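Enquirer: Please find start_1.cif (mmCIF, C-alpha atoms) on the next line:
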data_work
#
loop_
_atom_site.group_PDB
_atom_site.id
_atom_site.type_symbol
_atom_site.label_atom_id
_atom_site.label_comp_id
_atom_site.auth_asym_id
_atom_site.auth_seq_id
_atom_site.Cartn_x
_atom_site.Cartn_y
_atom_site.Cartn_z
ATOM 1 C CA MET A 9 8.584 -2.821 -0.093
ATOM 2 C CA GLY A 10 11.784 -1.734 -1.780
ATOM 3 C CA GLU A 11 13.029 1.491 -3.339
ATOM 4 C CA PHE A 12 10.580 3.950 -4.830
ATOM 5 C CA LEU A 13 9.394 3.252 -8.356
ATOM 6 C CA LEU A 14 7.914 6.739 -8.748
ATOM 7 C CA GLU A 15 8.977 9.920 -6.984
ATOM 8 C CA VAL A 16 7.547 13.429 -7.111
ATOM 9 C CA ARG A 17 9.845 16.068 -5.631
ATOM 10 C CA GLY A 18 8.788 19.643 -4.927
ATOM 11 C CA VAL A 19 6.263 19.928 -7.763
ATOM 12 C CA THR A 20 4.540 23.285 -8.135
ATOM 13 C CA LYS A 21 1.798 24.169 -10.615
ATOM 14 C CA ARG A 22 0.294 27.632 -11.051
ATOM 15 C CA PHE A 23 -2.748 28.781 -12.955
ATOM 16 C CA PRO A 24 -3.808 32.441 -13.366
ATOM 17 C CA GLY A 25 -4.622 33.620 -9.854
ATOM 18 C CA VAL A 26 -4.312 30.147 -8.331
ATOM 19 C CA VAL A 27 -1.458 28.022 -7.004
ATOM 20 C CA ALA A 28 -2.841 24.519 -7.539
ATOM 21 C CA LEU A 29 0.252 22.745 -6.173
ATOM 22 C CA SER A 30 2.981 24.148 -3.966
ATOM 23 C CA GLY A 31 6.101 22.021 -3.626
ATOM 24 C CA VAL A 32 4.331 18.683 -3.181
ATOM 25 C CA ASP A 33 6.068 15.323 -2.777
ATOM 26 C CA LEU A 34 4.820 11.818 -3.484
ATOM 27 C CA GLN A 35 6.550 8.430 -3.478
ATOM 28 C CA VAL A 36 5.247 5.095 -4.721
ATOM 29 C CA ARG A 37 7.013 1.763 -4.356
ATOM 30 C CA GLU A 38 6.736 -1.154 -6.749
ATOM 31 C CA ALA A 39 3.596 -3.284 -6.136
ATOM 32 C CA GLU A 40 2.157 -0.710 -3.722
ATOM 33 C CA VAL A 41 -1.321 0.818 -3.562
ATOM 34 C CA VAL A 42 -1.013 4.444 -2.478
ATOM 35 C CA ALA A 43 -4.243 6.337 -1.825
ATOM 36 C CA LEU A 44 -4.150 10.077 -2.491
ATOM 37 C CA ILE A 45 -6.917 11.893 -0.622
ATOM 38 C CA GLY A 46 -7.965 15.458 0.083
ATOM 39 C CA GLU A 47 -10.897 17.809 -0.194
ATOM 40 C CA ASN A 48 -12.072 19.121 -3.571
ATOM 41 C CA GLY A 49 -9.488 21.570 -4.869
ATOM 42 C CA ALA A 50 -6.644 20.054 -2.850
ATOM 43 C CA GLY A 51 -4.615 19.453 -6.020
ATOM 44 C CA LYS A 52 -4.986 15.691 -6.428
ATOM 45 C CA SER A 53 -6.200 15.647 -10.029
ATOM 46 C CA THR A 54 -3.715 18.343 -11.041
ATOM 47 C CA LEU A 55 -0.792 16.211 -9.876
ATOM 48 C CA MET A 56 -2.198 13.125 -11.605
ATOM 49 C CA LYS A 57 -2.460 15.029 -14.888
ATOM 50 C CA ILE A 58 1.176 16.043 -14.505
ATOM 51 C CA LEU A 59 2.180 12.429 -13.871
ATOM 52 C CA ALA A 60 0.216 11.319 -16.946
ATOM 53 C CA GLY A 61 1.733 13.955 -19.244
ATOM 54 C CA VAL A 62 -1.528 15.874 -19.675
ATOM 55 C CA GLN A 63 -0.049 18.974 -18.027
ATOM 56 C CA SER A 64 3.474 20.085 -17.189
ATOM 57 C CA ALA A 65 4.800 21.237 -13.823
ATOM 58 C CA ASP A 66 6.177 24.754 -13.316
ATOM 59 C CA GLU A 67 8.745 23.560 -10.782
ATOM 60 C CA GLY A 68 9.982 20.298 -9.316
ATOM 61 C CA GLU A 69 10.953 16.977 -10.801
ATOM 62 C CA LEU A 70 9.542 13.546 -11.505
ATOM 63 C CA LEU A 71 11.572 10.344 -11.263
ATOM 64 C CA ILE A 72 10.678 6.896 -12.589
ATOM 65 C CA GLY A 73 12.966 4.126 -11.361
ATOM 66 C CA GLY A 74 15.392 6.755 -10.069
ATOM 67 C CA GLU A 75 15.657 8.460 -13.480
ATOM 68 C CA VAL A 76 14.446 12.038 -13.955
ATOM 69 C CA LYS A 77 11.672 12.281 -16.559
ATOM 70 C CA GLN A 78 10.188 15.234 -18.399
ATOM 71 C CA PHE A 79 6.890 14.470 -20.087
ATOM 72 C CA THR A 80 5.799 16.596 -23.045
ATOM 73 C CA GLY A 81 2.667 14.574 -23.643
ATOM 74 C CA VAL A 82 0.646 11.496 -22.763
ATOM 75 C CA HIS A 83 2.745 9.244 -25.010
ATOM 76 C CA ASP A 84 5.879 10.133 -23.036
ATOM 77 C CA ALA A 85 4.163 9.083 -19.812
ATOM 78 C CA GLN A 86 2.938 5.846 -21.360
ATOM 79 C CA LYS A 87 6.425 5.000 -22.595
ATOM 80 C CA ALA A 88 7.699 5.534 -19.051
ATOM 81 C CA GLY A 89 5.026 3.154 -17.737
ATOM 82 C CA VAL A 90 2.476 5.603 -16.278
ATOM 83 C CA ALA A 91 -1.200 5.354 -17.227
ATOM 84 C CA LEU A 92 -4.137 7.470 -16.002
ATOM 85 C CA ILE A 93 -7.699 6.174 -15.825
ATOM 86 C CA HIS A 94 -9.943 9.235 -15.730
ATOM 87 C CA GLN A 95 -13.097 9.455 -13.643
ATOM 88 C CA GLU A 96 -15.045 9.847 -16.890
ATOM 89 C CA LEU A 97 -14.111 6.839 -19.025
ATOM 90 C CA ASN A 98 -12.251 7.684 -22.221
ATOM 91 C CA LEU A 99 -13.828 5.003 -24.405
ATOM 92 C CA ALA A 100 -15.921 4.815 -27.599
ATOM 93 C CA ASP A 101 -19.247 2.973 -27.274
ATOM 94 C CA ASN A 102 -19.508 2.283 -31.002
ATOM 95 C CA LEU A 103 -16.214 0.368 -31.173
ATOM 96 C CA THR A 104 -15.340 -3.143 -30.040
ATOM 97 C CA VAL A 105 -13.506 -3.895 -26.818
ATOM 98 C CA GLU A 106 -10.277 -4.704 -28.670
ATOM 99 C CA ALA A 107 -10.532 -1.549 -30.806
ATOM 100 C CA ASN A 108 -10.925 0.570 -27.656
ATOM 101 C CA ILE A 109 -7.901 -1.041 -26.027
ATOM 102 C CA PHE A 110 -5.629 -0.150 -28.952
ATOM 103 C CA LEU A 111 -7.354 3.006 -30.182
ATOM 104 C CA GLY A 112 -4.673 5.362 -31.532
ATOM 105 C CA ARG A 113 -1.941 2.740 -30.985
ATOM 106 C CA GLU A 114 -2.948 0.132 -33.559
ATOM 107 C CA PRO A 115 -0.023 -2.139 -34.488
ATOM 108 C CA GLY A 116 0.645 -2.303 -38.218
ATOM 109 C CA ARG A 117 2.056 -4.739 -40.705
ATOM 110 C CA PHE A 118 2.963 -3.907 -44.315
ATOM 111 C CA GLY A 119 0.984 -0.680 -44.034
ATOM 112 C CA TRP A 120 -2.147 -2.383 -42.697
ATOM 113 C CA ILE A 121 -3.570 -2.658 -39.194
ATOM 114 C CA ASP A 122 -2.483 -5.968 -37.703
ATOM 115 C CA GLN A 123 -5.833 -7.258 -36.483
ATOM 116 C CA GLY A 124 -4.354 -10.562 -35.391
ATOM 117 C CA THR A 125 -1.949 -8.903 -32.962
ATOM 118 C CA ILE A 126 -4.709 -6.654 -31.654
ATOM 119 C CA ARG A 127 -6.949 -9.661 -30.962
ATOM 120 C CA LYS A 128 -4.168 -11.652 -29.279
ATOM 121 C CA GLU A 129 -2.972 -8.812 -27.053
ATOM 122 C CA ALA A 130 -6.513 -7.700 -26.198
ATOM 123 C CA GLU A 131 -7.400 -11.220 -25.055
ATOM 124 C CA ARG A 132 -4.231 -11.304 -22.944
ATOM 125 C CA VAL A 133 -4.933 -8.096 -21.020
ATOM 126 C CA LEU A 134 -8.642 -8.904 -20.678
ATOM 127 C CA LYS A 135 -7.630 -12.115 -18.975
ATOM 128 C CA VAL A 136 -5.379 -10.165 -16.601
ATOM 129 C CA VAL A 137 -8.292 -8.002 -15.424
ATOM 130 C CA GLY A 138 -10.640 -10.977 -15.251
ATOM 131 C CA LEU A 139 -13.046 -9.754 -17.943
ATOM 132 C CA GLU A 140 -14.399 -12.840 -19.698
ATOM 133 C CA VAL A 141 -15.945 -11.376 -22.847
ATOM 134 C CA PRO A 142 -14.963 -11.848 -26.501
ATOM 135 C CA ALA A 143 -12.528 -9.144 -27.609
ATOM 136 C CA GLU A 144 -14.796 -8.354 -30.580
ATOM 137 C CA THR A 145 -17.743 -7.432 -28.295
ATOM 138 C CA LEU A 146 -19.140 -3.931 -28.790
ATOM 139 C CA LEU A 147 -18.351 -1.736 -25.798
ATOM 140 C CA SER A 148 -21.968 -0.533 -25.655
ATOM 141 C CA GLU A 149 -23.032 -4.073 -24.733
ATOM 142 C CA LEU A 150 -21.062 -3.984 -21.467
ATOM 143 C CA THR A 151 -22.136 -2.616 -18.112
ATOM 144 C CA LEU A 152 -20.369 0.438 -16.722
ATOM 145 C CA GLY A 153 -18.386 -1.752 -14.334
ATOM 146 C CA ARG A 154 -17.120 -3.931 -17.180
ATOM 147 C CA GLN A 155 -16.254 -0.836 -19.207
ATOM 148 C CA GLN A 156 -14.106 0.235 -16.254
ATOM 149 C CA LEU A 157 -12.221 -3.063 -16.574
ATOM 150 C CA VAL A 158 -11.714 -2.380 -20.298
ATOM 151 C CA GLU A 159 -10.137 0.957 -19.348
ATOM 152 C CA ILE A 160 -7.781 -0.845 -16.959
ATOM 153 C CA ALA A 161 -6.955 -3.411 -19.651
ATOM 154 C CA LYS A 162 -6.196 -0.524 -21.997
ATOM 155 C CA ALA A 163 -3.743 0.881 -19.453
ATOM 156 C CA LEU A 164 -2.060 -2.505 -19.001
ATOM 157 C CA SER A 165 -1.704 -2.913 -22.760
ATOM 158 C CA THR A 166 0.780 -0.019 -22.640
ATOM 159 C CA ASN A 167 2.902 -2.056 -20.191
ATOM 160 C CA ALA A 168 2.026 0.379 -17.409
ATOM 161 C CA ARG A 169 4.016 0.022 -14.210
ATOM 162 C CA VAL A 170 2.023 2.718 -12.409
ATOM 163 C CA VAL A 171 -1.752 2.899 -12.894
ATOM 164 C CA ILE A 172 -3.547 6.015 -11.632
ATOM 165 C CA MET A 173 -7.252 5.624 -10.818
ATOM 166 C CA ASP A 174 -9.225 8.822 -10.290
ATOM 167 C CA GLU A 175 -12.498 8.168 -8.397
ATOM 168 C CA PRO A 176 -12.938 4.795 -10.159
ATOM 169 C CA THR A 177 -16.013 3.693 -8.172
ATOM 170 C CA SER A 178 -18.022 6.909 -8.420
ATOM 171 C CA SER A 179 -20.506 5.340 -10.870
ATOM 172 C CA LEU A 180 -20.195 1.665 -9.937
ATOM 173 C CA SER A 181 -22.568 -0.561 -8.007
ATOM 174 C CA MET A 182 -21.315 -2.351 -4.904
ATOM 175 C CA SER A 183 -20.765 -5.638 -6.771
ATOM 176 C CA GLU A 184 -18.928 -3.860 -9.584
ATOM 177 C CA ALA A 185 -16.756 -2.024 -7.043
ATOM 178 C CA GLU A 186 -15.873 -5.318 -5.322
ATOM 179 C CA CYS A 187 -14.810 -6.724 -8.690
ATOM 180 C CA LEU A 188 -12.610 -3.679 -9.228
ATOM 181 C CA PHE A 189 -11.013 -4.132 -5.803
ATOM 182 C CA GLU A 190 -10.090 -7.719 -6.686
ATOM 183 C CA VAL A 191 -8.465 -6.499 -9.906
ATOM 184 C CA ILE A 192 -6.451 -3.918 -7.950
ATOM 185 C CA ARG A 193 -5.235 -6.596 -5.524
ATOM 186 C CA ASP A 194 -4.287 -8.824 -8.449
ATOM 187 C CA LEU A 195 -2.377 -5.967 -10.111
ATOM 188 C CA ARG A 196 -0.425 -5.484 -6.892
ATOM 189 C CA LYS A 197 0.487 -9.182 -6.912
ATOM 190 C CA ARG A 198 1.722 -8.777 -10.480
ATOM 191 C CA GLY A 199 4.061 -5.967 -9.425
ATOM 192 C CA VAL A 200 1.952 -3.062 -10.739
ATOM 193 C CA SER A 201 1.724 0.038 -8.543
ATOM 194 C CA VAL A 202 -1.602 1.848 -8.146
ATOM 195 C CA ILE A 203 -2.300 5.440 -7.160
ATOM 196 C CA TYR A 204 -5.896 5.445 -5.938
ATOM 197 C CA ILE A 205 -7.846 8.697 -5.602
ATOM 198 C CA SER A 206 -11.169 8.547 -3.786
ATOM 199 C CA HIS A 207 -13.405 10.464 -1.410
ATOM 200 C CA ARG A 208 -14.769 7.159 -0.123
ATOM 201 C CA LEU A 209 -12.565 6.606 2.887
ATOM 202 C CA GLY A 210 -13.914 3.134 3.527
ATOM 203 C CA GLU A 211 -12.452 2.038 0.186
ATOM 204 C CA VAL A 212 -9.174 3.714 1.045
ATOM 205 C CA LYS A 213 -8.922 1.858 4.342
ATOM 206 C CA GLU A 214 -9.677 -1.452 2.605
ATOM 207 C CA LEU A 215 -7.225 -1.092 -0.284
ATOM 208 C CA ALA A 216 -4.355 1.220 0.575
ATOM 209 C CA ASP A 217 -0.895 0.204 1.754
ATOM 210 C CA ARG A 218 -0.233 3.867 2.455
ATOM 211 C CA VAL A 219 -2.200 7.130 2.378
ATOM 212 C CA VAL A 220 -0.920 10.541 1.266
ATOM 213 C CA VAL A 221 -3.051 13.568 2.129
ATOM 214 C CA PHE A 222 -3.137 16.881 0.237
ATOM 215 C CA ARG A 223 -4.664 20.070 1.629
ATOM 216 C CA ASP A 224 -4.819 23.377 -0.254
ATOM 217 C CA GLY A 225 -2.219 22.219 -2.791
ATOM 218 C CA GLU A 226 0.316 21.092 -0.200
ATOM 219 C CA ASN A 227 1.296 17.896 1.592
ATOM 220 C CA ALA A 228 -0.763 17.602 4.782
ATOM 221 C CA GLY A 229 0.567 14.278 5.995
ATOM 222 C CA ALA A 230 0.938 10.565 5.290
ATOM 223 C CA LEU A 231 -0.280 7.406 6.982
ATOM 224 C CA GLU A 232 1.198 3.927 6.999
ATOM 225 C CA ARG A 233 -1.076 0.910 6.759
ATOM 226 C CA GLU A 234 -1.519 0.463 10.512
ATOM 227 C CA GLU A 235 -2.352 4.189 10.950
ATOM 228 C CA ILE A 236 -5.154 4.333 8.378
ATOM 229 C CA GLU A 237 -8.351 5.209 10.257
ATOM 230 C CA HIS A 238 -11.362 7.235 9.137
ATOM 231 C CA ASP A 239 -11.108 10.004 11.756
ATOM 232 C CA THR A 240 -7.342 10.348 11.242
ATOM 233 C CA MET A 241 -7.767 10.768 7.496
ATOM 234 C CA VAL A 242 -10.534 13.334 7.909
ATOM 235 C CA LYS A 243 -8.491 15.360 10.396
ATOM 236 C CA LEU A 244 -5.545 15.522 7.983
ATOM 237 C CA MET A 245 -7.825 16.460 5.090
ATOM 238 C CA VAL A 246 -9.545 19.379 6.814
ATOM 239 C CA GLY A 247 -6.821 20.377 9.256
ATOM 240 C CA ARG A 248 -8.961 20.102 12.362
ATOM 241 C CA ASP A 249 -11.125 17.743 14.356
ATOM 242 C CA VAL A 250 -14.511 18.141 12.673
ATOM 243 C CA ALA A 251 -16.392 16.722 15.656
ATOM 244 C CA GLN A 252 -15.997 19.987 17.560
ATOM 245 C CA PHE A 253 -17.396 22.020 14.653
ATOM 246 C CA TYR A 254 -20.347 19.856 13.617
ATOM 247 C CA GLN A 255 -22.527 18.938 16.562
ATOM 248 C CA ARG A 256 -26.057 17.638 16.235
ATOM 249 C CA THR A 257 -28.693 19.670 18.064
ATOM 250 C CA SER A 258 -32.343 18.784 18.406
ATOM 251 C CA HIS A 259 -35.097 21.176 17.332
ATOM 252 C CA ASP A 260 -38.848 21.131 16.921
ATOM 253 C CA LEU A 261 -40.151 20.173 13.488
ATOM 254 C CA GLY A 262 -43.144 21.739 11.796
ATOM 255 C CA GLU A 263 -46.083 20.094 10.075
ATOM 256 C CA VAL A 264 -45.747 17.753 7.108
ATOM 257 C CA ALA A 265 -44.505 19.757 4.132
ATOM 258 C CA LEU A 266 -44.256 16.881 1.653
ATOM 259 C CA SER A 267 -46.087 13.564 1.684
ATOM 260 C CA VAL A 268 -45.321 10.718 -0.739
ATOM 261 C CA ARG A 269 -47.518 7.620 -0.893
ATOM 262 C CA GLY A 270 -46.947 4.628 -3.177
ATOM 263 C CA LEU A 271 -44.794 6.559 -5.680
ATOM 264 C CA ARG A 272 -43.730 4.226 -8.486
ATOM 265 C CA THR A 273 -41.281 5.300 -11.195
ATOM 266 C CA VAL A 274 -40.886 4.017 -14.749
ATOM 267 C CA GLU A 275 -37.579 2.400 -13.833
ATOM 268 C CA HIS A 276 -38.953 0.617 -10.730
ATOM 269 C CA PRO A 277 -42.715 0.235 -11.299
ATOM 270 C CA GLU A 278 -43.041 -2.720 -8.916
ATOM 271 C CA HIS A 279 -41.874 -0.818 -5.818
ATOM 272 C CA GLY A 280 -43.911 1.938 -4.179
ATOM 273 C CA LEU A 281 -42.169 4.617 -2.121
ATOM 274 C CA ASP A 282 -43.638 6.163 1.040
ATOM 275 C CA PHE A 283 -42.125 8.965 3.118
ATOM 276 C CA GLU A 284 -42.804 12.366 4.639
ATOM 277 C CA VAL A 285 -40.739 15.530 5.035
ATOM 278 C CA ARG A 286 -41.627 18.034 7.744
ATOM 279 C CA ALA A 287 -41.024 21.760 7.762
ATOM 280 C CA GLY A 288 -37.519 22.516 9.046
ATOM 281 C CA GLU A 289 -36.328 18.937 8.456
ATOM 282 C CA VAL A 290 -33.362 17.745 6.399
ATOM 283 C CA VAL A 291 -33.946 14.285 4.942
ATOM 284 C CA GLY A 292 -31.126 12.327 3.373
ATOM 285 C CA VAL A 293 -31.705 9.928 0.464
ATOM 286 C CA ALA A 294 -29.189 7.080 0.259
ATOM 287 C CA GLY A 295 -28.740 4.002 -1.886
ATOM 288 C CA LEU A 296 -26.455 2.228 -4.322
ATOM 289 C CA VAL A 297 -26.076 3.175 -7.977
ATOM 290 C CA GLY A 298 -29.238 2.055 -9.750
ATOM 291 C CA ALA A 299 -31.364 1.991 -6.600
ATOM 292 C CA GLY A 300 -33.689 4.674 -8.010
ATOM 293 C CA ARG A 301 -32.721 7.779 -6.043
ATOM 294 C CA SER A 302 -32.335 10.093 -9.055
ATOM 295 C CA GLU A 303 -35.488 8.715 -10.699
ATOM 296 C CA MET A 304 -37.502 9.330 -7.536
ATOM 297 C CA LEU A 305 -36.256 12.908 -7.221
ATOM 298 C CA ALA A 306 -36.933 13.573 -10.908
ATOM 299 C CA ALA A 307 -40.488 12.306 -10.449
ATOM 300 C CA LEU A 308 -40.939 14.571 -7.409
ATOM 301 C CA PHE A 309 -39.807 17.549 -9.445
ATOM 302 C CA GLY A 310 -41.964 16.625 -12.428
ATOM 303 C CA ALA A 311 -39.001 16.123 -14.746
ATOM 304 C CA ARG A 312 -39.988 12.461 -15.304
ATOM 305 C CA PRO A 313 -43.414 10.837 -15.312
ATOM 306 C CA ALA A 314 -44.487 8.515 -12.532
ATOM 307 C CA VAL A 315 -46.563 5.400 -13.121
ATOM 308 C CA GLY A 316 -48.425 5.517 -9.843
ATOM 309 C CA GLY A 317 -48.744 7.024 -6.392
ATOM 310 C CA GLU A 318 -49.538 10.347 -4.798
ATOM 311 C CA ILE A 319 -47.405 13.369 -3.944
ATOM 312 C CA SER A 320 -48.872 16.122 -1.758
ATOM 313 C CA ALA A 321 -47.076 19.361 -0.873
ATOM 314 C CA GLY A 322 -47.933 22.500 1.042
ATOM 315 C CA GLY A 323 -49.875 20.921 3.915
ATOM 316 C CA TRP A 324 -48.056 23.009 6.513
ATOM 317 C CA ASN A 325 -50.099 26.110 5.661
ATOM 318 C CA GLY A 326 -53.434 24.393 5.363
ATOM 319 C CA LEU A 327 -53.252 24.056 1.572
ATOM 320 C CA THR A 328 -52.607 20.631 0.044
ATOM 321 C CA LEU A 329 -51.450 20.620 -3.580
ATOM 322 C CA SER A 330 -51.767 17.224 -5.266
ATOM 323 C CA LEU A 331 -48.905 16.971 -7.744
ATOM 324 C CA ILE A 332 -49.523 13.362 -8.745
ATOM 325 C CA HIS A 333 -52.596 11.276 -8.120
ATOM 326 C CA ILE A 334 -52.835 8.096 -10.221
#
Please, can you express the file's structure as structure tokens?
Expert:
Amino acid sequence: MGEFLLEVRGVTKRFPGVVALSGVDLQVREAEVVALIGENGAGKSTLMKILAGVQSADEGELLIGGEVKQFTGVHDAQKAGVALIHQELNLADNLTVEANIFLGREPGRFGWIDQGTIRKEAERVLKVVGLEVPAETLLSELTLGRQQLVEIAKALSTNARVVIMDEPTSSLSMSEAECLFEVIRDLRKRGVSVIYISHRLGEVKELADRVVVFRDGENAGALEREEIEHDTMVKLMVGRDVAQFYQRTSHDLGEVALSVRGLRTVEHPEHGLDFEVRAGEVVGVAGLVGAGRSEMLAALFGARPAVGGEISAGGWNGLTLSLIHI
């Protein structure tokens, strides 16, 4: 790792009644993956918006390649080689992949859009991210994971040297996330730097060359590759050892408050769900994106119809209310 490609020095950002950032620093080397972590409200997204030209800093300076930059908009950041991929994808479903990649930046020739150049350049950047689909494919025909790759290709089409990813796996399945990780590793090999924001510390440990931690709008610490461990990251994020504050204690549970037998949803009609929840019990529901968690909860609440099964509630007081019986 050589000199820093991007440097943030003493950046402060204030909003009415709130200091979002207070003199924060951040450095990123060429071909380095730097993870930026912190609790909600720590200032991560605010700094990324400043780096991408979406917002301006009140104090401090930003350097790209050792040169001080002042961004007045997103186009200034793109010209300097900085691209931000938002958590919510900024794409148009009704347009083709190639149109999305060059939306608002269409190359022209003799007063007309140069479709040939768009096709050629779109195919080039799609190849870089490993997305093997025709450039003229409608975006709506792609899965969410593939749309994420289109967003990355869009960033690379601006000749980005620093790509910022804000919670990129929040809506991806495990296989889609693994594909994204391979793209990030390939970008690093190509000399592109990545700033990776995530609350999923397992991903951070797998990908990051270095971790920078924000807490309450300030720098809380940094970890080199060999120091990146889950408990260390959590301690820097919250400012204390959480083990001494959150201790499991056993307690007696009441009678069954909710009973689910053979519940089948419209999305997963072939699989029946069975579980019970007792009075005074906290039950966690886990699973990958698309596993059916939200659909099951919506069926429990009555917001979506179920295609089969039985839900009984209220048994703890001697009254059983049958919500669904098919």
Enquirer: With all atoms listed in the file as the atoms that count, which of A:Arg248, A:Arg154, A:Lys162, A:Lys52 lies nearest to Leu180 of chain A?
Expert: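 Closest to Leu180 of chain A of all the choices is A:Arg154.
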Enquirer: List the spatial neighbours of Glu284 of chain A as an MDAnalysis selection string - criterion: any atom at most 8 Å away, all atoms listed in the file, same-chain residues fewer than 5 positions off excluded.
Expert: chainID A and resid 264:268
Enquirer: Output C-alpha atoms of each residue in that selection to a file, as a short mmCIF file (atom, residue, chain, number, x, y, z; two decimals), in the coordinates of the input.
Expert:
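Output file selection-v7.cif follows:
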data_model
loop_
_atom_site.label_atom_id
_atom_site.label_comp_id
_atom_site.auth_asym_id
_atom_site.auth_seq_id
_atom_site.Cartn_x
_atom_site.Cartn_y
_atom_site.Cartn_z
CA VAL A 264 -45.75 17.75 7.11
CA ALA A 265 -44.50 19.76 4.13
CA LEU A 266 -44.26 16.88 1.65
CA SER A 267 -46.09 13.56 1.68
CA VAL A 268 -45.32 10.72 -0.74
#
Enquirer: From the options A:Val26, A:Val90, A:Cys187, A:Ala65, which residue's atoms come nearest to Met173 of chain A, counting only C-alpha atoms?
Expert: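 Answer, going by the shortest atom-to-atom distance: A:Val90.
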Enquirer: Within 12 Å of (4.1, 8.4, -21.0) (file coordinates; all atoms listed in the file), which protein or nucleic acid residues are there? I'd like them as an MDAnalysis selection string.
Expert: chainID A and resid 57:63 72 77:92 163 166:171
Enquirer: Please report the interatomic distance between atom CA of His279 of chain A and atom CA of Gly317 of chain A in Å with one decimal.
Expert: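 If I compute the distance from atom CA of His279 of chain A to atom CA of Gly317 of chain A, I get 10.4 Å.
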Enquirer: Using atom CA of Ile203 of chain A and atom CA of Glu15 of chain A as the two end points, give the distance in Å to one decimal.
Expert: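 Here the two named atoms are 12.1 Å from each other.
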Enquirer: To one decimal place in Å, what is the distance between atom CA of Gln95 of chain A and atom CA of Phe189 of chain A?
Expert: 15.8 Å
Enquirer: Determine, counting all atoms listed in the file, which protein, DNA and RNA residues have an atom within 10 Å of an atom of Gln156 of chain A; residues of the same chain fewer than 3 positions away are not included. Present the result as an NGL selection string.
Expert: :A and (93-99 or 150-153 or 159-162 or 176-177 or 179-180 or 184-185 or 188)
Enquirer: Using only C-alpha atoms, find the one residue out of A:Val19, A:Ala107, A:Ala28, A:Val202 that sits nearest to Asp224 of chain A.
Expert: A:Ala28
Enquirer: Counting only C-alpha atoms, I want the residues whose atoms come within 8 Å of (4.3, 9.9, 5.0) in the file frame, returned as an mmCIF file with C-alpha atoms, in the frame of the given file.
Expert:
data_model
loop_
_atom_site.group_PDB
_atom_site.id
_atom_site.type_symbol
_atom_site.label_atom_id
_atom_site.label_comp_id
_atom_site.auth_asym_id
_atom_site.auth_seq_id
_atom_site.Cartn_x
_atom_site.Cartn_y
_atom_site.Cartn_z
ATOM 1 C CA ARG A 218 -0.233 3.867 2.455
ATOM 2 C CA VAL A 219 -2.200 7.130 2.378
ATOM 3 C CA VAL A 220 -0.920 10.541 1.266
ATOM 4 C CA GLY A 229 0.567 14.278 5.995
ATOM 5 C CA ALA A 230 0.938 10.565 5.290
ATOM 6 C CA LEU A 231 -0.280 7.406 6.982
ATOM 7 C CA GLU A 232 1.198 3.927 6.999
#
Enquirer: Taking the file as shown, what set of residues would the PyMOL selection byres ((chain A and resi 115) around 12) give back, as a list of chain:residue names?
Expert: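 Matching residues under the PyMOL selection byres ((chain A and resi 115) around 12) are A:Ala107, A:Ile109, A:Phe110, A:Leu111, A:Gly112, A:Arg113, A:Glu114, A:Gly116, A:Arg117, A:Phe118, A:Gly119, A:Trp120, A:Ile121, A:Asp122, A:Gln123, A:Gly124, A:Thr125, A:Ile126, A:Arg127, A:Lys128, A:Glu129, A:Ala130, A:Ser165.
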Enquirer: Go ahead and save the residues from that selection, with C-alpha atoms, as a CSV table (one decimal), in the coordinates of the input.
Expert:
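The resulting file, again-v4.csv, is shown below:
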chain,number,residue,atom,x,y,z
A,107,ALA,CA,-10.5,-1.5,-30.8
A,109,ILE,CA,-7.9,-1.0,-26.0
A,110,PHE,CA,-5.6,-0.2,-29.0
A,111,LEU,CA,-7.4,3.0,-30.2
A,112,GLY,CA,-4.7,5.4,-31.5
A,113,ARG,CA,-1.9,2.7,-31.0
A,114,GLU,CA,-2.9,0.1,-33.6
A,116,GLY,CA,0.6,-2.3,-38.2
A,117,ARG,CA,2.1,-4.7,-40.7
A,118,PHE,CA,3.0,-3.9,-44.3
A,119,GLY,CA,1.0,-0.7,-44.0
A,120,TRP,CA,-2.1,-2.4,-42.7
A,121,ILE,CA,-3.6,-2.7,-39.2
A,122,ASP,CA,-2.5,-6.0,-37.7
A,123,GLN,CA,-5.8,-7.3,-36.5
A,124,GLY,CA,-4.4,-10.6,-35.4
A,125,THR,CA,-1.9,-8.9,-33.0
A,126,ILE,CA,-4.7,-6.7,-31.7
A,127,ARG,CA,-6.9,-9.7,-31.0
A,128,LYS,CA,-4.2,-11.7,-29.3
A,129,GLU,CA,-3.0,-8.8,-27.1
A,130,ALA,CA,-6.5,-7.7,-26.2
A,165,SER,CA,-1.7,-2.9,-22.8
Enquirer: Compile the contact shell of Val41 of chain A as a ChimeraX atom specification: residues with an atom at most 8 Å away, counting all atoms listed in the file, same-chain residues fewer than 2 positions apart removed.
Expert: /A:36,39,43,196,201-204,215-218
Enquirer: Generate a file of the selected residues that holds C-alpha atoms, formatted as an mmCIF file, in the frame of the given file.
Expert:
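As written to disk, part-v1.cif reads:
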data_model
loop_
_atom_site.group_PDB
_atom_site.id
_atom_site.type_symbol
_atom_site.label_atom_id
_atom_site.label_comp_id
_atom_site.auth_asym_id
_atom_site.auth_seq_id
_atom_site.Cartn_x
_atom_site.Cartn_y
_atom_site.Cartn_z
ATOM 1 C CA VAL A 36 5.247 5.095 -4.721
ATOM 2 C CA ALA A 39 3.596 -3.284 -6.136
ATOM 3 C CA ALA A 43 -4.243 6.337 -1.825
ATOM 4 C CA ARG A 196 -0.425 -5.484 -6.892
ATOM 5 C CA SER A 201 1.724 0.038 -8.543
ATOM 6 C CA VAL A 202 -1.602 1.848 -8.146
ATOM 7 C CA ILE A 203 -2.300 5.440 -7.160
ATOM 8 C CA TYR A 204 -5.896 5.445 -5.938
ATOM 9 C CA LEU A 215 -7.225 -1.092 -0.284
ATOM 10 C CA ALA A 216 -4.355 1.220 0.575
ATOM 11 C CA ASP A 217 -0.895 0.204 1.754
ATOM 12 C CA ARG A 218 -0.233 3.867 2.455
#
